[in-house]
Every structure is written in C-alpha cells, then in structure tokens.
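Report on the structure given below.
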Amino acid sequence: MPVRSERGTRVPAAPPTSLAGWPTPLEKAPRLAAALGLREDDLWIKRDDLIGLGAGGNKVRKLEYTVGAALAAGADTLVTVGAPQSNHARLTAAAGARLGLDVVLVFPGRPGASRSGNLVLDALFGARVHWAGDVDLAGLAATAEETVAALRRRGARPELIPFGGSNAVGARGYEQAGRELLAQVPSLDLAVVAVGSGGTMAGLVAALGADRVLGVDTGAMEEPAAAVAAMAGELTGSDVRDRLRIRSDQVGAGYGRLTASTAAALRLAARTEGIVLDPVYTGRAMAGLLAAAEEGIVAPGRTTVFWHTGGLPGLFGHAEAVGLLDGSLPVFPPEDGPAH
C-alpha cells in the first residue's frame, strides 16, 4: 500500500525486505488475567519479543520497510540514532548484519559508561558507534546528518533510518501487524502498547482504529500524541489526534528511570506468566495496563491484547532494575521456617 505524503498525495513505497517470519504468536495469559480480576480468555499477549532477528522486538517490523526503502535507494550503509541502550539501534545492527550492510549508530554521551545490555549486542553484530557527547535530540539528529555526509565523502552510500524507525514508512510495519492481530483475534476490544517514538502505535491506529488502541507514554518524546497523529494521518489520510488514547501516568521521573509501578509490573508478569518485560518500554506499558484494569478500562468480558514489543537485553543494561531485582532474590531455605 502506498504511503500518503503530508499533503495527502499517495506516493509509491518501496517493497519491504524480509527480516523475519510472520505471524508472531498470540498467547493467552490466564494467571495474569486472574490477578487483575479478569476472565481466563480476556487477556492475551502478542509476542513480538519472539521475532527471530537480533534478540527480537517490535523494531523489526518497521525495519522491514525502512531498510527496504534504503535498499531500493542503493544504500550500502545504515545510520540511525537512539539512546545507548536503544532496541532500535540493536535491531538495525542485526538487520545490517543479515543483509551485508555496514551500520553506524549515533548515540549521545561518551564511550565507557556502560558495556552491558544492548551495547554488547551492537558490538556483536559489528556496528560502529559514533558518540555525540552531551547533546539533546536536535543535536543528536544534527550529528547523524554530519555522519551521513562524512560517509558520503568517503564513497559510501548511507541512508539515515529515523529515531526508533518511526516515520510513515516504518509505521506501515505495524499497520500490517494490526491486520495480523485481527486475523488472530477478530473479537479484539483493546490493544495496549508502549509509546516511544510513536510508529508502533501509529500503525496500529491505522489498522485497528484509535478507539481500540491504548498507548502508554514512556517519556521518550515531549509530544507523543503529535508524533503518533502525524504518522497515522499519513497512513490513513485522516486527522486522528483528538481520538488518540495515550496515558502519561507511567513516565515518573522520566525516560529511562525505573518507577515503582513499573517494577511491580515486571514482577507480576514474570511471576504469573513467566514473561520478561523491560524497565523502559514494556514494563511501563504493563503498568499502564494494570492501572487501566483498576479503572475499569480493561474489564471482564472485553478482549484485551498486551503487545509485547521486546527489549529484554535492555533489562541487563539498566542499573536500577538489575539492582532492585537482585536485592529481592529470596534465600532458600528460609531462615524462619522449614525447607519445604
């Protein structure tokens, strides 16, 4: 399907490149549902964390389209930006490795602060990192453009993949994912998803309608609703901003900071379903789902799908989360009782 430009003109889109097999599993979550006062068949988990490429995650769906466009333009190098623990950067590196493309990741900060989590996998996939120093998002974007220009001067053919893979091209991956979900669960009432750079929610809104998508803001952008509305508008040709459902009650002290509600959500998902979430995106999204259940938005008799967008490697690169969970490890046998 072609993508609309900002003026509504339909422009041809490059065909996606194949990076994974579809559909991803949809699994019932009966013990988590019971913990929330829901019926056994009310709550399901869409397992995009099980996408095969590069330790999995939602960014693969976007990359099939953004990298497809880069290949159509003749690229031999991918450049993208993000935080040092970026899942999108990790999967861009993995996509480059699979397709034989060079990858340069532009991160804020300086080398040496961390060598864990996604950074380990970035190196394993052979990506190079350009550390941009103390910059804001605008400065990071400017550094990425300078990196692209430098690569061109050296004879490379770079293409810049946007922050989070989120533009109307990347969002097409989740428009397709929304259709995939409807084929698996036609009775869907609500899909709950983390909102980072906005492309995942935008694609789902295009496929499912704004009323069936609840986004949980992670604090990655100052105006997530504007970003989601712009991309969804390019896909659908309509203005959806006033109908978007985005809750911002789980941001806490800011992007990347662990909140008490997120920590509780991490534990609950793990101890009821054996599902591992990350402390920045899916943990916050689950905390938003728990709050929505308390408010009656997620309710018995309504089919709710939690979209697990991946991010497990980021858990191991998050000092607050690792410290909190390490400190909660029970000792066996208990000191004050029998061993059984």
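If you're wondering about the labels, chains in the structure tokens are A, B, ... by order shown, residues count from 1 in each chain, ligands from 1 in order shown.
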Given only C-alpha atoms, how would the per-residue table for segment 10-91 of chain A near segment 132-147 of chain A read, listing every residue at most 9 Å away with its closest atom pair and distance in Å to one decimal, sorted by chain and number, as a Markdown table?
```
| residue | atom | partner | partner_atom | distance |
| --- | --- | --- | --- | --- |
| A:Val79 | CA | A:Ala144 | CA | 7.2 |
| A:Thr80 | CA | A:Ala144 | CA | 7.0 |
| A:Val81 | CA | A:Ala144 | CA | 6.9 |
| A:Gly82 | CA | A:Leu140 | CA | 8.3 |
```
Selection file, all heavy atoms, as a PDB file, in the first residue's frame:
```pdb
ATOM      1  N   VAL A  79      22.580   4.294   8.900  1.00  0.00           N
ATOM      2  CA  VAL A  79      22.907   5.159  10.028  1.00  0.00           C
ATOM      3  C   VAL A  79      21.628   5.405  10.800  1.00  0.00           C
ATOM      4  O   VAL A  79      20.581   5.692  10.200  1.00  0.00           O
ATOM      5  CB  VAL A  79      23.499   6.508   9.555  1.00  0.00           C
ATOM      6  CG1 VAL A  79      23.805   7.417  10.752  1.00  0.00           C
ATOM      7  CG2 VAL A  79      24.744   6.287   8.719  1.00  0.00           C
ATOM      8  N   THR A  80      21.676   5.276  12.116  1.00  0.00           N
ATOM      9  CA  THR A  80      20.498   5.593  12.912  1.00  0.00           C
ATOM     10  C   THR A  80      20.921   6.138  14.272  1.00  0.00           C
ATOM     11  O   THR A  80      22.105   6.107  14.625  1.00  0.00           O
ATOM     12  CB  THR A  80      19.558   4.383  13.063  1.00  0.00           C
ATOM     13  OG1 THR A  80      18.262   4.846  13.459  1.00  0.00           O
ATOM     14  CG2 THR A  80      20.080   3.375  14.077  1.00  0.00           C
ATOM     15  N   VAL A  81      19.943   6.658  15.012  1.00  0.00           N
ATOM     16  CA  VAL A  81      20.207   7.305  16.298  1.00  0.00           C
ATOM     17  C   VAL A  81      19.362   6.669  17.386  1.00  0.00           C
ATOM     18  O   VAL A  81      18.371   5.981  17.116  1.00  0.00           O
ATOM     19  CB  VAL A  81      19.897   8.818  16.238  1.00  0.00           C
ATOM     20  CG1 VAL A  81      20.722   9.494  15.167  1.00  0.00           C
ATOM     21  CG2 VAL A  81      18.397   9.062  15.974  1.00  0.00           C
ATOM     22  N   GLY A  82      19.746   6.923  18.627  1.00  0.00           N
ATOM     23  CA  GLY A  82      18.977   6.443  19.767  1.00  0.00           C
ATOM     24  C   GLY A  82      19.774   6.598  21.036  1.00  0.00           C
ATOM     25  O   GLY A  82      20.916   7.084  21.026  1.00  0.00           O
TER      26      GLY A  82
END
```
### Query
Near Asp122 of chain A, counting only C-alpha atoms, which residues have an atom at most 8 Å away, once you skip same-chain residues fewer than 2 positions from it, shown as a list in words?
Ala89, Arg90, Ala93, Ala94, Asn118, Leu119, Val120, Leu124, Phe125, Gly126, Ala127 and Arg128 of chain A
The selected residues should be written to file as a CSV table (one decimal), in the first residue's frame (atoms: C-alpha atoms).
```csv
chain,number,residue,atom,x,y,z
A,89,ALA,CA,19.8,0.5,17.2
A,90,ARG,CA,20.4,-3.1,18.3
A,93,ALA,CA,22.7,-3.5,13.6
A,94,ALA,CA,21.2,-7.0,13.4
A,118,ASN,CA,22.1,-3.8,24.0
A,119,LEU,CA,25.6,-2.4,23.7
A,120,VAL,CA,27.1,-5.9,23.8
A,124,LEU,CA,28.5,-8.5,18.4
A,125,PHE,CA,26.6,-7.6,15.2
A,126,GLY,CA,29.6,-5.5,14.0
A,127,ALA,CA,28.1,-2.0,14.3
A,128,ARG,CA,30.2,1.1,14.8
```
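In terms of minimum interatomic distance to Asp76 of chain A, A:Pro158 ranks closest within A:Pro108, A:Asp42, A:Pro158, A:Ser18, counting only C-alpha atoms.
What separates atom CA of Arg110 of chain A from atom CA of Thr218 of chain A is a distance of 23.8 Å.
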Near-Ala123 of chain A list (12 Å; only C-alpha atoms; drop same-chain fewer than 6 positions) as a tab-separated table (two decimals) with N, CA, C and O atoms, in the first residue's frame:
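As a result, around.tsv now contains:
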```
chain	number	residue	atom	x	y	z
A	54	GLY	N	17.98	-10.81	15.85
A	54	GLY	CA	18.68	-9.93	16.77
A	54	GLY	C	18.15	-9.85	18.18
A	54	GLY	O	18.21	-8.79	18.79
A	84	PRO	N	21.90	4.96	24.22
A	84	PRO	CA	22.89	3.86	24.16
A	84	PRO	C	22.27	2.47	24.31
A	84	PRO	O	22.83	1.51	23.77
A	89	ALA	N	18.37	0.57	17.72
A	89	ALA	CA	19.76	0.55	17.25
A	89	ALA	C	20.27	-0.88	17.18
A	89	ALA	O	20.93	-1.29	16.20
A	90	ARG	N	19.99	-1.66	18.23
A	90	ARG	CA	20.42	-3.06	18.25
A	90	ARG	C	19.86	-3.84	17.06
A	90	ARG	O	20.57	-4.60	16.39
A	91	LEU	N	18.60	-3.62	16.74
A	91	LEU	CA	17.99	-4.37	15.65
A	91	LEU	C	18.38	-3.82	14.28
A	91	LEU	O	18.42	-4.57	13.30
A	93	ALA	N	21.43	-2.83	13.76
A	93	ALA	CA	22.71	-3.51	13.62
A	93	ALA	C	22.52	-4.95	13.17
A	93	ALA	O	23.26	-5.46	12.30
A	94	ALA	N	21.52	-5.63	13.74
A	94	ALA	CA	21.24	-7.01	13.36
A	94	ALA	C	20.76	-7.10	11.91
A	94	ALA	O	21.17	-8.00	11.16
A	97	ALA	N	23.70	-6.74	9.65
A	97	ALA	CA	24.48	-7.97	9.60
A	97	ALA	C	23.83	-9.01	8.69
A	97	ALA	O	24.51	-9.68	7.89
A	103	VAL	N	26.77	-0.62	9.40
A	103	VAL	CA	25.85	0.11	10.29
A	103	VAL	C	26.66	1.03	11.20
A	103	VAL	O	27.65	0.61	11.81
A	104	VAL	N	26.22	2.29	11.27
A	104	VAL	CA	26.80	3.26	12.21
A	104	VAL	C	25.68	3.75	13.12
A	104	VAL	O	24.64	4.22	12.64
A	105	LEU	N	25.88	3.63	14.42
A	105	LEU	CA	24.90	4.04	15.42
A	105	LEU	C	25.38	5.33	16.08
A	105	LEU	O	26.52	5.40	16.56
A	115	ARG	N	28.95	-1.13	29.20
A	115	ARG	CA	29.26	-2.11	28.17
A	115	ARG	C	28.32	-3.30	28.28
A	115	ARG	O	28.66	-4.41	27.92
A	116	SER	N	27.12	-3.07	28.80
A	116	SER	CA	26.18	-4.17	29.04
A	116	SER	C	24.94	-4.01	28.17
A	116	SER	O	24.80	-3.06	27.41
A	117	GLY	N	24.03	-4.98	28.30
A	117	GLY	CA	22.75	-4.90	27.61
A	117	GLY	C	22.89	-4.85	26.10
A	117	GLY	O	23.64	-5.60	25.48
A	129	VAL	N	29.97	2.72	16.51
A	129	VAL	CA	29.25	3.74	17.29
A	129	VAL	C	29.95	5.08	17.18
A	129	VAL	O	31.17	5.18	17.35
```
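Every protein or nucleic acid residue with an atom no more than 8 Å from Ala171 of chain A, counting only C-alpha atoms and leaving out same-chain residues fewer than 5 positions away, appears here: Lys62, Ser166, Gly199, Thr200, Ala202, Gly203, Met231 and Ala232 of chain A.
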Dump as a PDB file, in the first residue's frame, selection limited to N, CA, C and O atoms:
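Dumped everything to part_23.pdb:
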```
ATOM      1  N   LYS A  62       9.229  -2.489  11.624  1.00  0.00           N
ATOM      2  CA  LYS A  62       9.480  -1.189  10.998  1.00  0.00           C
ATOM      3  C   LYS A  62      10.675  -1.277  10.052  1.00  0.00           C
ATOM      4  O   LYS A  62      10.665  -0.699   8.957  1.00  0.00           O
ATOM      5  N   SER A 166      10.760   5.278  13.308  1.00  0.00           N
ATOM      6  CA  SER A 166       9.391   5.803  13.254  1.00  0.00           C
ATOM      7  C   SER A 166       9.239   6.959  12.288  1.00  0.00           C
ATOM      8  O   SER A 166       9.635   8.103  12.554  1.00  0.00           O
ATOM      9  N   GLY A 199       5.842   5.175  16.204  1.00  0.00           N
ATOM     10  CA  GLY A 199       5.466   4.492  14.977  1.00  0.00           C
ATOM     11  C   GLY A 199       4.647   3.236  15.185  1.00  0.00           C
ATOM     12  O   GLY A 199       3.769   2.915  14.374  1.00  0.00           O
ATOM     13  N   THR A 200       4.919   2.505  16.276  1.00  0.00           N
ATOM     14  CA  THR A 200       4.159   1.283  16.540  1.00  0.00           C
ATOM     15  C   THR A 200       2.692   1.611  16.772  1.00  0.00           C
ATOM     16  O   THR A 200       1.799   1.011  16.161  1.00  0.00           O
ATOM     17  N   ALA A 202       1.112   4.327  15.889  1.00  0.00           N
ATOM     18  CA  ALA A 202       0.528   4.927  14.683  1.00  0.00           C
ATOM     19  C   ALA A 202       0.054   3.861  13.708  1.00  0.00           C
ATOM     20  O   ALA A 202      -1.053   3.947  13.156  1.00  0.00           O
ATOM     21  N   GLY A 203       0.881   2.837  13.487  1.00  0.00           N
ATOM     22  CA  GLY A 203       0.476   1.775  12.578  1.00  0.00           C
ATOM     23  C   GLY A 203      -0.720   1.006  13.084  1.00  0.00           C
ATOM     24  O   GLY A 203      -1.629   0.652  12.314  1.00  0.00           O
ATOM     25  N   MET A 231       1.993  10.463  11.920  1.00  0.00           N
ATOM     26  CA  MET A 231       2.254   9.232  11.153  1.00  0.00           C
ATOM     27  C   MET A 231       0.965   8.512  10.797  1.00  0.00           C
ATOM     28  O   MET A 231       0.797   8.033   9.669  1.00  0.00           O
ATOM     29  N   ALA A 232       0.035   8.424  11.749  1.00  0.00           N
ATOM     30  CA  ALA A 232      -1.243   7.780  11.452  1.00  0.00           C
ATOM     31  C   ALA A 232      -1.993   8.550  10.372  1.00  0.00           C
ATOM     32  O   ALA A 232      -2.657   7.957   9.509  1.00  0.00           O
TER      33      ALA A 232
END
```
### Task
Check the DSSP output for the backbone and give back, as a ChimeraX atom specification, the residues of segment 50-152 of chain A in helix (DSSP H, G or I).
/A:50,53-55,59-72,87-99,118-124,137-152
Using the chain letters and numbers from this document, which residues of segment 178-285 of chain A does DSSP assign to strand (DSSP E or B), as an mmCIF file with N, CA, C and O atoms, in the first residue's frame?
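File produced: out24.cif:
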```cif
data_model
loop_
_atom_site.group_PDB
_atom_site.id
_atom_site.type_symbol
_atom_site.label_atom_id
_atom_site.label_comp_id
_atom_site.auth_asym_id
_atom_site.auth_seq_id
_atom_site.Cartn_x
_atom_site.Cartn_y
_atom_site.Cartn_z
ATOM 1 N N LEU A 190 -9.357 -4.152 22.721
ATOM 2 C CA LEU A 190 -8.338 -3.162 23.061
ATOM 3 C C LEU A 190 -6.944 -3.776 22.937
ATOM 4 O O LEU A 190 -6.696 -4.875 23.435
ATOM 5 N N ALA A 191 -6.032 -3.050 22.289
ATOM 6 C CA ALA A 191 -4.617 -3.403 22.258
ATOM 7 C C ALA A 191 -3.859 -2.368 23.071
ATOM 8 O O ALA A 191 -4.042 -1.163 22.872
ATOM 9 N N VAL A 192 -3.014 -2.821 23.988
ATOM 10 C CA VAL A 192 -2.234 -1.932 24.846
ATOM 11 C C VAL A 192 -0.782 -2.013 24.422
ATOM 12 O O VAL A 192 -0.218 -3.105 24.318
ATOM 13 N N VAL A 193 -0.149 -0.850 24.188
ATOM 14 C CA VAL A 193 1.208 -0.837 23.643
ATOM 15 C C VAL A 193 1.984 0.347 24.202
ATOM 16 O O VAL A 193 1.418 1.407 24.486
ATOM 17 N N ALA A 194 3.288 0.159 24.377
ATOM 18 C CA ALA A 194 4.157 1.256 24.796
ATOM 19 C C ALA A 194 4.302 2.269 23.661
ATOM 20 O O ALA A 194 4.296 1.912 22.480
ATOM 21 N N VAL A 195 4.442 3.536 24.036
ATOM 22 C CA VAL A 195 4.672 4.602 23.060
ATOM 23 C C VAL A 195 6.044 5.195 23.317
ATOM 24 O O VAL A 195 6.268 5.849 24.339
ATOM 25 N N VAL A 213 -6.926 1.157 20.487
ATOM 26 C CA VAL A 213 -5.500 1.179 20.828
ATOM 27 C C VAL A 213 -5.291 2.098 22.025
ATOM 28 O O VAL A 213 -5.646 3.276 21.982
ATOM 29 N N LEU A 214 -4.707 1.553 23.087
ATOM 30 C CA LEU A 214 -4.336 2.342 24.258
ATOM 31 C C LEU A 214 -2.821 2.408 24.322
ATOM 32 O O LEU A 214 -2.149 1.390 24.514
ATOM 33 N N GLY A 215 -2.277 3.598 24.145
ATOM 34 C CA GLY A 215 -0.839 3.792 24.221
ATOM 35 C C GLY A 215 -0.425 4.225 25.612
ATOM 36 O O GLY A 215 -1.151 4.972 26.278
ATOM 37 N N VAL A 216 0.740 3.756 26.042
ATOM 38 C CA VAL A 216 1.282 4.142 27.348
ATOM 39 C C VAL A 216 2.593 4.879 27.093
ATOM 40 O O VAL A 216 3.576 4.286 26.632
ATOM 41 N N ASP A 217 2.596 6.169 27.368
ATOM 42 C CA ASP A 217 3.748 7.022 27.129
ATOM 43 C C ASP A 217 4.928 6.593 28.000
ATOM 44 O O ASP A 217 4.778 6.379 29.208
ATOM 45 N N ARG A 245 -5.818 7.604 22.273
ATOM 46 C CA ARG A 245 -5.875 7.256 23.693
ATOM 47 C C ARG A 245 -4.442 6.977 24.163
ATOM 48 O O ARG A 245 -3.907 5.896 23.950
ATOM 49 N N ILE A 246 -3.818 7.983 24.775
ATOM 50 C CA ILE A 246 -2.452 7.850 25.280
ATOM 51 C C ILE A 246 -2.454 8.289 26.738
ATOM 52 O O ILE A 246 -2.844 9.414 27.060
ATOM 53 N N ARG A 247 -2.016 7.402 27.620
ATOM 54 C CA ARG A 247 -1.928 7.766 29.032
ATOM 55 C C ARG A 247 -0.466 8.030 29.377
ATOM 56 O O ARG A 247 0.437 7.307 28.944
#
```
### Residues near segment 222-224 of chain A, cut-off 9 Å, only C-alpha atoms, skip fewer than 2 positions along chain, as a ChimeraX atom specification
/A:195-198,217,219-220,226-229,246
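Closest approach to Thr309 of chain A among A:Asp239, A:Asp41, A:Asp48, A:Glu64 is made by A:Asp48 (distances from only C-alpha atoms).
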### segment 209-212 of chain A environment, 6 Å, only C-alpha atoms, sequence neighbours closer than 6 positions dropped, as a ChimeraX atom specification
/A:189-190,243-244
### Message
Give me, as a VMD selection string, all polymer residues having an atom no more than 9 Å from Thr66 of chain A, counting only C-alpha atoms and skipping those fewer than 6 positions away in the same chain.
### Response
chain A and resid 14 16 to 17 161 to 162 165 to 167 169 to 170
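Across the structure, atom CA of Met286 of chain A and atom CA of Pro30 of chain A are spaced 15.1 Å apart.
Ranking A:Thr303, A:Gln176, A:Ser187, A:Ser86 by their shortest atom-to-atom distance to Val280 of chain A, with only C-alpha atoms included, puts A:Ser86 first.
Here atom CA of Ala177 of chain A and atom CA of Ala287 of chain A stand 22.8 Å from one another.
Between Val298 of chain A and the candidates A:Pro186, A:Gly21, A:Gly52, A:Gly37, the tightest atom-to-atom separation, counting only C-alpha atoms, involves A:Gly37.
Across A:Arg257, A:His130, A:Arg153, A:Arg47, the tightest approach to Trp307 of chain A is made by A:Arg47 when counting only C-alpha atoms.
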